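Engineer: Before we start, here is the structure in question, set down as structure tokens.
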Amino acid sequence: MSQADPLPQIVTHHDKVLIIDFGSQVTQLIARRVRETGVYCEIAPFQSAARAFDALAPKAVILSGGPASVLDAGSPRVPEAIFQSGVPVLGICYGEQVMAVQLGGRVGAGATREFGRADVEVLAPTALFDGVWEKGGTYPVWMSHGDTVTDLPPGFIRAATSRQEAMAVMADEARRYYGVQFHLEVVHTPDGAKLIENFVHKVAGLSRDWTMRAFRQEAIAAIRAKVGDGRVICGLSGGVDSAVAALLIHEAVGDRLTCVFVDHGLLRQGEAEEIVGLFRGHYNIPLIHAEAQDLFLGALAGITDPEQKRRIIGKLFIETFEAEARTIAADGRGEPKFLGQGTLYPDVIESVSFTGGPSVTIKSHHNVGGLPERMNMQLVEPLRELFKDEVRELGRELGLPEVFVGRHPFPGPGLAIRCPGGVTHEKLAILRQADAIYLDEIRKAGLYDKIWQAFAVLLPVQTVGVMGDGRTYEYVCALRAVTSVDGMTADFYSFEMDFLGRAATRIINEVQGINRVVYDVTSKPPGTIEWE
């Protein structure tokens, strides 16, 4: 495998926070909260935390929650070098407990189990609470623990407690160590983001120097340093990630970038024309429009398993890139040695289990671990350190039209996984039209920007219906809309029934092949929010 080496020197000059992941499902939320304060941070699994601490040289460390118990033999621990370094440390849930044990305190099991909403009372003022919580006040938080700290380590005070007498907050102000039993990174702890902001700015004293304007210039310099006078081939998928990556790379290397838009026949209505017009016409970026609909749909014929669909589509993408790279090399300007890709930081984190991380693998369609050796290319992934909202902000910084920047996320495999069962030209045409009507109604209602992702799904079932004086036997269409902050957790959007009625009526009346519409109200825990 070719190595997906990160670009050099993008974050060298920024103050940095290291987040050690002990397996919590919401560790990414900690990183987002830190980034929102204008401070750069990275997540490292506990297995490689020592190496990450040495490499990153952070000015503060945050310990995440996790499913383990510190009372179990072999449970994860914090590298001792972190406590010896003198940097401020904030432990959350399991992070508080492991900090307490390693610094000389004790943890007990089961006596004060707390799950869900709780109230904590502030017993003593601390820098962590400054301007947010006051002594004697009671504040709502989100708890999720069975074990709890029973004996404080030397130097610590009990700064807050819950009604169950749990050690809600412990603090050692001299060493700038804080442990919180609740999850301050989730929205169910209303003041949690402010407490994190206090930790990174008032406790650790870090500067607010993580901005997309600064990142843009640093990323351009890093791309130039890596690519040199080489050529780059970059895939455009139709989504905001690949679009922003392409614009950034183009700013760095100019016409030594060639974009390849693989039109696999699995896009939304009108997307192919929009992409080609924007990048070839508006930005004048060299673009190859690889029309490969027959190739992809032929390979997908009869395939019903969603993961197999992903593998087939991913394989054909690579093969298409290889073929187009050979075409580009034949133009006399040299063979491309770099492949630009819109990999984001969540893609990297979610794939960490490939290398032994604590989290469950969620995505399998990103080449975050490298490329097939035969491609003889190096990856250029300028967005590898960014979350989705940061990519959108960078897109605006680069001048990408708002209609593109604010577009709902679209999966790499496209409509193939929104068409459960076999994929055919006929079913895709039906799905595209239904999806376009649904999104049109959402825009007309002024709801598009309030929803993280909305789409139609063509279910692999047909039902009998009566339309006018005739009987029909046609497909069922499911509509989905979810709200989310970061795409890791999602809840269904609560449409008014009038809206659903209008959308369903239009779809049934205008789309030949659908006679029933249902609305999916499934919520998703951390993980993919796609329909599979």
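Quick note on naming: the chains in the structure tokens go A, B, ... in the order shown, residues restart at 1 in each chain, and ligands are numbered from 1 in order of appearance.
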Which residues are near A:Arg256? Cut-off 10 Å, only C-alpha atoms, ignore same chain within fewer than 6 positions. Put them as a short mmCIF file (atom, residue, chain, number, x, y, z; two decimals) with C-alpha atoms, in the first residue's frame.

Structural biologist:
```
data_model
loop_
_atom_site.label_atom_id
_atom_site.label_comp_id
_atom_site.auth_asym_id
_atom_site.auth_seq_id
_atom_site.Cartn_x
_atom_site.Cartn_y
_atom_site.Cartn_z
CA VAL A 227 3.85 18.06 -4.87
CA ASP A 229 6.59 20.37 -9.82
CA GLY A 230 4.54 17.18 -10.08
CA ARG A 231 1.05 16.71 -11.47
CA VAL A 232 -2.08 15.90 -9.49
CA ILE A 233 -5.22 14.03 -10.50
CA ILE A 249 -5.18 22.04 -4.77
CA HIS A 250 -5.81 24.19 -7.84
CA ILE A 285 -10.03 23.91 -14.09
CA PRO A 286 -8.85 21.11 -16.42
CA ARG A 333 3.25 16.83 -19.74
CA GLY A 334 4.20 13.89 -17.55
CA PRO A 336 0.44 12.33 -12.47
#
```

Engineer: Report as JSON lines the residues of stretch 302-355 of chain A within 12 Å of stretch 391-395 of chain A, each with its shortest atom pair and distance in Å (one decimal), using only C-alpha atoms, ordered by chain and increasing residue number.

Structural biologist:
```
{"residue": "A:Gly342", "atom": "CA", "partner": "A:Val391", "partner_atom": "CA", "distance": 9.7}
{"residue": "A:Thr343", "atom": "CA", "partner": "A:Val391", "partner_atom": "CA", "distance": 10.5}
{"residue": "A:Leu344", "atom": "CA", "partner": "A:Val391", "partner_atom": "CA", "distance": 8.4}
{"residue": "A:Tyr345", "atom": "CA", "partner": "A:Val391", "partner_atom": "CA", "distance": 10.2}
{"residue": "A:Pro346", "atom": "CA", "partner": "A:Val391", "partner_atom": "CA", "distance": 11.8}
```

Engineer: Go ahead and compute the interatomic distance for atom CA of A:Leu184 and atom CA of A:Trp142, in Å to one decimal.

Structural biologist: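 Straight-line distance from atom CA of A:Leu184 to atom CA of A:Trp142 works out to 7.4 Å.
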
Engineer: Of the candidates A:Pro58, A:Gly235, A:Gly277, A:Gly399, which one gets nearest to A:Thr320 if we count only C-alpha atoms?

Structural biologist: A:Gly235

Engineer: Tell me which protein, DNA and RNA residues are within 8 Å of stretch 497-504 of chain A, counting only C-alpha atoms, leaving out same-chain ones fewer than 4 positions away, and put them as a list in words.

Structural biologist: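 In the requested form, the answer reads Ile437, Tyr438, Glu441, Ile508, Arg516, Val517 and Tyr519 of chain A.
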
Engineer: Using only C-alpha atoms, pick whichever of A:Val26, A:Val17, A:Val61, A:Ala50 has the shortest atom-to-atom distance to A:Gly38.

Structural biologist: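 Nearest to A:Gly38: A:Val17.
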
Engineer: I'd like the contact shell of A:Ile288 - 9 Å cut-off, only C-alpha atoms, skipping same-chain residues fewer than 6 positions apart - returned as number ranges by chain.

Structural biologist: A: 258-262, 276, 280, 324

Engineer: For those residues, write C-alpha atoms to a file as an mmCIF file, in the first residue's frame.

Structural biologist:
```cif
data_model
loop_
_atom_site.group_PDB
_atom_site.id
_atom_site.type_symbol
_atom_site.label_atom_id
_atom_site.label_comp_id
_atom_site.auth_asym_id
_atom_site.auth_seq_id
_atom_site.Cartn_x
_atom_site.Cartn_y
_atom_site.Cartn_z
ATOM 1 C CA THR A 258 -6.540 17.697 -13.603
ATOM 2 C CA CYS A 259 -9.910 16.842 -12.115
ATOM 3 C CA VAL A 260 -11.634 13.621 -13.064
ATOM 4 C CA PHE A 261 -15.377 13.523 -12.676
ATOM 5 C CA VAL A 262 -16.503 9.913 -12.801
ATOM 6 C CA VAL A 276 -18.994 20.061 -15.226
ATOM 7 C CA ARG A 280 -14.825 23.491 -16.357
ATOM 8 C CA GLU A 324 -7.632 8.431 -16.898
#
```

Engineer: Between atom CA of A:Asp491 and atom CA of A:Lys194, what is the distance, to one decimal in Å?

Structural biologist: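 About the pair atom CA of A:Asp491 and atom CA of A:Lys194: they are 24.0 Å apart.
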
Engineer: So that I can see what lies close to A:Ile43, please list as a list in words the residues with an atom at most 9 Å from it, counting only C-alpha atoms and leaving out residues fewer than 4 positions away in the same chain.

Structural biologist: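 Contacts, with the query itself left out: Val17, Leu18, Ile19, Ile20, Asp21, Thr27, Gln28, Ala31, Ala49, Ala52 and Ile349 of chain A.
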